[in-house]
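Remarks on the structure that follows.
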Amino acid sequence: MDNYFGTAFSYTKGDADFDGGSADLDTYSLALYGTWLGDKGQYVDVIGRVASIKNDANARSLTGQGKAYDGKMDNTGLSLSAEAGWRFALPYNLFIEPQVEATYSYIDSDSFRYGDRKYELQSTDSFIARAGFMAGIQCPDNKGNVYVRASVVHDFLGETDVKVSNAHMSRTVSNDFGCTWGEFGIGANVSVSDNTYVYADVEHTTGGEIEEPWRVNFGVRYNF
């Protein structure tokens with residue numbers, strides 16, 4: 001059995017389109033993690049993460065006409081996740097790995113203005129459970145692997161309120177993003193030295209309240 005501890009930094013850039021406008025999202029995060037590896041392919045990962053989320057949005061009326069307004073939000077997010085799995089070796093360097101994961105996350109409140117209207121976003125929390133598998137081929141001499149994966153995901157919370165007000169009115173809009181959706185991915189991890197790995201992953205989701213057709217992750221991991 002082995003135990004590993006470390007830190008990780010990540011940057012995520014996102015683009016969103018909605019009726020009458022669009023948004024650019026930049027997320028910077030720092031994580032602390034611990035990993036336990038069993039003697040027969042079992043593992044448990046625990047990750048705590050803090051993130052800075054910056055969102056620049058612009059919008060017109062629902063008709064798409066009139067003056068465009070810009071708004072900016074700066075949020076702080078916290079999350080804690082635990083993942084467990086068991087990798088089973090198959091002939092010809094193939095493997096299959098059942099996985100389960102639970103993640104709790106929290107994003108603090110913020111407000112911004114579009115023209116004469118003020119939007120106040122309440123804090124949001126979510127509790128997401130995932131069950132799925134990864135299957136792939138292990139490269140010779142532990143040089144990495146290539147894999148496909150699939151999961152069913154459910155958010156048990158995901159409720160958020162937005163208060164909209166100006167000099168003449170005030171109302172609150174509630175949204176519930178708690179639902180079930182599917183995730184599918186393909187990726188690779190490649191060893192370029194004894195301690196350095198390059199990774200890439202492409203993910204597609206379907207069936208959720210928020211559409212995210214494609215997500216691309218790539219980066220470098222160095223083990224001290």
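By order in the structure tokens, chains are A, B, ...; within a chain, residues start at 1; ligands start at 1, following the order shown.
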- List the neighbours of region 121-135 of chain A out to 6 Å using only C-alpha atoms; skip same-chain residues closer than 4 positions along the sequence, and give me the result as a VMD selection string. chain A and resid 95 to 111 147 to 158 160 to 162
- Task: Quick one: pick out all helix (DSSP H, G or I) residues within chain A from a backbone DSSP run and write them as a ChimeraX atom specification.
- Result: /A:91-93,140-142
Any chance you could export the current selection's N, CA and C atoms as a compact mmCIF listing (two decimals), in the first residue's frame?
# COMPACT_ATOMS: atom_id res chain seq x y z
N PRO A 91 -6.11 -9.22 -20.09
CA PRO A 91 -5.04 -9.61 -21.04
C PRO A 91 -4.73 -8.49 -22.03
N TYR A 92 -3.53 -8.57 -22.61
CA TYR A 92 -3.05 -7.65 -23.64
C TYR A 92 -2.95 -6.21 -23.12
N ASN A 93 -2.57 -6.05 -21.85
CA ASN A 93 -2.40 -4.73 -21.22
C ASN A 93 -3.69 -3.92 -21.13
N PRO A 140 3.37 -0.02 -22.48
CA PRO A 140 4.47 -0.82 -21.91
C PRO A 140 5.38 0.03 -21.03
N ASP A 141 6.03 -0.60 -20.06
CA ASP A 141 7.00 0.03 -19.17
C ASP A 141 6.40 1.21 -18.39
N ASN A 142 5.09 1.13 -18.11
CA ASN A 142 4.42 2.19 -17.34
C ASN A 142 4.60 3.58 -17.95
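Proximity ranking of A:Gly34, A:Asp24, A:Val46, A:Tyr119 relative to Phe5 (chain A) places A:Gly34 first, based on only C-alpha atoms.
Nearest residue to Ser170 (chain A), choosing from A:Thr196, A:Cys139, A:Glu120, A:Gly144 and counting only C-alpha atoms: A:Glu120.
CA of Arg49 (chain A) lies 12.1 Å from CA of Gly6 (chain A).
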- Counting only C-alpha atoms, what is within 6 Å of Gly187 (chain A), bar same-chain residues fewer than 5 positions away, as a PyMOL selection string? chain A and resi 146-147+200-201
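Among the candidates A:Asp56, A:Lys72, A:Leu90, A:Lys13, the residue lying nearest to Ile137 (chain A) is A:Leu90 (atoms considered: only C-alpha atoms).
Atom to atom, CA of Trp86 (chain A) and CA of Trp36 (chain A) stand 11.6 Å apart.
Checking A:Leu78, A:Ala84, A:Ala8, A:Leu25 one by one against Arg221 (chain A), counting only C-alpha atoms, you find the shortest gap at A:Ala8.
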- With a distance cut-off of 8 Å and only C-alpha atoms, select the neighbouring residues of Gly207 (chain A), excluding the residue or stretch itself and same-chain residues fewer than 5 positions from it, and output the selection as a ChimeraX atom specification. /A:180-182
Please write the residues from the selection above to a file, keeping N, CA and C atoms, as a short mmCIF file (atom, residue, chain, number, x, y, z; two decimals), in the first residue's frame.
data_model
loop_
_atom_site.label_atom_id
_atom_site.label_comp_id
_atom_site.auth_asym_id
_atom_site.auth_seq_id
_atom_site.Cartn_x
_atom_site.Cartn_y
_atom_site.Cartn_z
N THR A 180 -30.14 14.64 -13.27
CA THR A 180 -29.27 13.53 -13.62
C THR A 180 -28.80 13.70 -15.05
N TRP A 181 -27.51 13.42 -15.30
CA TRP A 181 -26.99 13.53 -16.66
C TRP A 181 -25.89 12.50 -16.88
N GLY A 182 -25.45 12.38 -18.11
CA GLY A 182 -24.41 11.43 -18.47
C GLY A 182 -23.14 12.14 -18.90
#
